[in-house]
Amino acid sequence: MSFLVIGECVADVVRAPGTADRVHPGGSPANVAYGLARLGRDVTLLTQLADDPAGRLIGDHLRSAGVRVEVGGLPERTPSAVVGLDAEGRAAYAFDIAWTLEAGGLPARAPAHVHIGSIAAVTAPGAAAVLAVTERLRDRATVSYDPNVRPGLMGEHGSAVARVERCVALADLVKASDEDLAWLYPGEEPEAVAARWLALGPAVVLVTRGAAGSFAVTRHHTVAAGAPRVDVVDTVGAGDSFMSAVLDALTVRDRAALGALSAGELTGLLARAGAAAAVTVSRAGARPPDRAELDAAREDPAGT
């Protein structure tokens, strides 16, 4: 099964108390593509990279895992984000980013699945290209979406919610964090939002809750799973690793089969994706597991 991921690459400048700055390749869609490639999947990333040190660093990083990189226009500089970590490893972001993706024709390799999300799916002018390509491919490919909300880049709240909901309506599977939902829908319970999103079109909605685990909602089932116990180094890329593991596990599922997932299948999916996230938070930067590491983590979820 082939994947097309559309979205931004970002140079993450990780800044933590008492340590020197560290630069890591990042960007939520880029992390998902990298995670899929680490798991042995056939994946292309449609993105933007400048011909600068950060762009070369990120490009080399992606290709080292086997990601094919298709560049839709050259920005003046590769986007960056200063990632500030608190004493518990939780990340806050300050961005320097422009998104002007150009996407004329369809990709040379027709994908079976398209993943979109984060800054690229809602930031003009490039978001129009993301949605146009996704809409053109949707008849032949399943679609997933992760809003990965960055409040400082979302603009006016009502318009931001409308843009997110348009992407939700395009998707067959949606993953969001409880923090995403709290910003989008203040005061509403995540379970209520997930149920409302199902009515927009997706077959599956997944919600992550950090150390509290995650839950999945379909039209037939609601299931929850705890998170593995792990010593957290930082949380950068945890949700993206979760997303990669979800897509990896669902590669044989067509649109109808996604809606027919059993409660047991959903529970297993959450557990495997949670194990991938746990590996990632146990080490610095967005470094998702390969298949051997993920299998080992599933065999010993407590990390003992």
# chains A, B, ... in the order shown; residues from 1 in each chain; ligands from 1
call {"tool": "select_by_dssp", "arguments": {"residues": "region 29-164 of chain A", "states": "strand (DSSP E or B)", "output": "CSV table (one decimal) with N, CA and C atoms, in the first residue's frame"}}
result
chain,number,residue,atom,x,y,z
A,42,ASP,N,5.7,2.3,1.9
A,42,ASP,CA,6.0,3.1,0.7
A,42,ASP,C,5.3,4.5,0.8
A,43,VAL,N,6.1,5.5,1.0
A,43,VAL,CA,5.5,6.8,1.3
A,43,VAL,C,6.2,8.0,0.5
A,44,THR,N,5.4,8.9,0.0
A,44,THR,CA,5.8,10.1,-0.6
A,44,THR,C,5.3,11.3,0.2
A,45,LEU,N,6.2,12.3,0.4
A,45,LEU,CA,5.8,13.5,1.1
A,45,LEU,C,5.8,14.6,0.0
A,46,LEU,N,4.7,15.3,-0.1
A,46,LEU,CA,4.6,16.5,-1.0
A,46,LEU,C,4.7,17.7,0.0
A,47,THR,N,5.7,18.5,-0.2
A,47,THR,CA,6.0,19.5,0.8
A,47,THR,C,6.8,20.7,0.1
A,68,ARG,N,10.1,9.4,-0.2
A,68,ARG,CA,10.3,10.1,-1.5
A,68,ARG,C,9.8,11.5,-1.2
A,69,VAL,N,10.6,12.5,-1.5
A,69,VAL,CA,10.2,13.9,-1.3
A,69,VAL,C,9.9,14.6,-2.6
A,70,GLU,N,8.7,15.1,-2.7
A,70,GLU,CA,8.3,15.9,-3.9
A,70,GLU,C,8.1,17.3,-3.4
A,71,VAL,N,8.8,18.3,-4.0
A,71,VAL,CA,8.8,19.7,-3.6
A,71,VAL,C,7.9,20.5,-4.5
A,80,SER,N,10.7,27.2,10.4
A,80,SER,CA,11.3,26.8,11.7
A,80,SER,C,10.4,27.1,12.8
A,81,ALA,N,10.7,26.4,13.9
A,81,ALA,CA,9.9,26.5,15.2
A,81,ALA,C,10.8,26.4,16.3
A,82,VAL,N,10.7,27.4,17.2
A,82,VAL,CA,11.4,27.2,18.5
A,82,VAL,C,10.5,26.4,19.4
A,83,VAL,N,11.0,25.3,19.9
A,83,VAL,CA,10.2,24.4,20.7
A,83,VAL,C,10.7,24.5,22.1
A,84,GLY,N,9.9,25.2,23.0
A,84,GLY,CA,10.3,25.3,24.4
A,84,GLY,C,9.8,24.2,25.2
A,85,LEU,N,10.6,23.5,26.0
A,85,LEU,CA,10.2,22.4,26.8
A,85,LEU,C,10.2,22.8,28.3
A,91,ALA,N,5.9,20.4,25.3
A,91,ALA,CA,6.4,21.4,24.3
A,91,ALA,C,5.4,22.5,24.0
A,92,ALA,N,6.0,23.7,23.9
A,92,ALA,CA,5.3,24.9,23.4
A,92,ALA,C,6.1,25.4,22.2
A,93,TYR,N,5.3,26.0,21.2
A,93,TYR,CA,6.0,26.3,19.9
A,93,TYR,C,5.8,27.8,19.5
A,94,ALA,N,6.9,28.3,18.9
A,94,ALA,CA,6.9,29.7,18.4
A,94,ALA,C,7.4,29.5,16.9
A,95,PHE,N,6.5,29.9,15.9
A,95,PHE,CA,6.8,29.5,14.5
A,95,PHE,C,7.3,30.7,13.7
A,96,ASP,N,8.2,30.4,12.7
A,96,ASP,CA,8.5,31.2,11.6
A,96,ASP,C,8.2,30.4,10.4
A,113,HIS,N,-3.6,5.8,0.0
A,113,HIS,CA,-4.0,6.6,1.1
A,113,HIS,C,-3.4,8.0,1.1
A,114,VAL,N,-4.1,9.0,1.5
A,114,VAL,CA,-3.6,10.4,1.6
A,114,VAL,C,-3.8,10.8,3.0
A,115,HIS,N,-2.7,11.4,3.6
A,115,HIS,CA,-2.7,11.9,4.9
A,115,HIS,C,-2.4,13.4,4.8
A,116,ILE,N,-3.3,14.2,5.5
A,116,ILE,CA,-3.1,15.7,5.5
A,116,ILE,C,-3.2,16.1,7.0
A,117,GLY,N,-2.7,17.4,7.2
A,117,GLY,CA,-2.9,17.9,8.6
A,117,GLY,C,-2.1,19.1,8.9
A,142,THR,N,-8.2,6.4,0.4
A,142,THR,CA,-8.7,6.8,1.7
A,142,THR,C,-7.9,8.0,2.2
A,143,VAL,N,-8.5,8.7,3.2
A,143,VAL,CA,-7.9,9.9,3.6
A,143,VAL,C,-7.9,10.0,5.1
A,144,SER,N,-6.8,10.5,5.7
A,144,SER,CA,-6.7,10.7,7.1
A,144,SER,C,-6.3,12.2,7.4
A,145,TYR,N,-6.7,12.7,8.6
A,145,TYR,CA,-6.4,14.1,8.9
A,145,TYR,C,-6.1,14.2,10.4
A,146,ASP,N,-5.1,15.0,10.7
A,146,ASP,CA,-4.8,15.4,12.1
A,146,ASP,C,-4.7,16.9,12.2
call {"tool": "residues_around", "arguments": {"residues": "Ala286 (chain A)", "least_positions_apart": "5", "cutoff": "7 Å", "atoms": "only C-alpha atoms", "output": "PyMOL selection string"}}
result
chain A and resi 26+31+236-237+280
call {"tool": "residues_around", "arguments": {"residues": "region 247-252 of chain A", "least_positions_apart": "6", "cutoff": "7 Å", "atoms": "only C-alpha atoms", "output": "PDB file with all heavy atoms, in the first residue's frame"}}
result
ATOM      1  N   MET A   1       0.849  -1.190   0.000  1.00  0.00           N
ATOM      2  CA  MET A   1       0.000   0.000   0.000  1.00  0.00           C
ATOM      3  C   MET A   1       0.879   1.233   0.000  1.00  0.00           C
ATOM      4  O   MET A   1       1.853   1.316   0.749  1.00  0.00           O
ATOM      5  CB  MET A   1      -0.900   0.004   1.240  1.00  0.00           C
ATOM      6  CG  MET A   1      -1.885   1.163   1.289  1.00  0.00           C
ATOM      7  SD  MET A   1      -3.010   1.001   2.694  1.00  0.00           S
ATOM      8  CE  MET A   1      -4.070   2.406   2.415  1.00  0.00           C
ATOM      9  N   LEU A  36       6.065   6.432   8.962  1.00  0.00           N
ATOM     10  CA  LEU A  36       5.595   5.368   8.075  1.00  0.00           C
ATOM     11  C   LEU A  36       6.766   4.689   7.375  1.00  0.00           C
ATOM     12  O   LEU A  36       6.804   3.458   7.249  1.00  0.00           O
ATOM     13  CB  LEU A  36       4.623   5.935   7.048  1.00  0.00           C
ATOM     14  CG  LEU A  36       3.201   6.172   7.529  1.00  0.00           C
ATOM     15  CD1 LEU A  36       2.432   7.045   6.538  1.00  0.00           C
ATOM     16  CD2 LEU A  36       2.471   4.841   7.730  1.00  0.00           C
ATOM     17  N   LEU A 269      -5.611  -1.375  18.011  1.00  0.00           N
ATOM     18  CA  LEU A 269      -5.055  -0.248  17.265  1.00  0.00           C
ATOM     19  C   LEU A 269      -4.556   0.842  18.212  1.00  0.00           C
ATOM     20  O   LEU A 269      -3.442   1.366  18.059  1.00  0.00           O
ATOM     21  CB  LEU A 269      -6.142   0.311  16.344  1.00  0.00           C
ATOM     22  CG  LEU A 269      -5.795   1.534  15.511  1.00  0.00           C
ATOM     23  CD1 LEU A 269      -4.758   1.190  14.459  1.00  0.00           C
ATOM     24  CD2 LEU A 269      -7.057   2.095  14.841  1.00  0.00           C
TER      25      LEU A 269
END
call {"tool": "select_by_dssp", "arguments": {"residues": "region 191-249 of chain A", "states": "alpha helix (DSSP H)", "output": "list of chain:residue names"}}
result
A:Glu191, A:Ala192, A:Val193, A:Ala194, A:Ala195, A:Arg196, A:Trp197, A:Leu198, A:Ala199, A:Leu200, A:Ala238, A:Gly239, A:Asp240, A:Ser241, A:Phe242, A:Met243, A:Ser244, A:Ala245, A:Val246, A:Leu247, A:Asp248, A:Ala249
call {"tool": "closest_residue", "arguments": {"among": "A:Gly210, A:Pro186, A:Pro147, A:Gly7", "to": "Ala33 (chain A)", "atoms": "only C-alpha atoms"}}
result
A:Gly7
call {"tool": "closest_residue", "arguments": {"among": "A:Ala199, A:Leu266, A:Leu131, A:Val232", "to": "Ala216 (chain A)", "atoms": "only C-alpha atoms"}}
result
A:Leu266
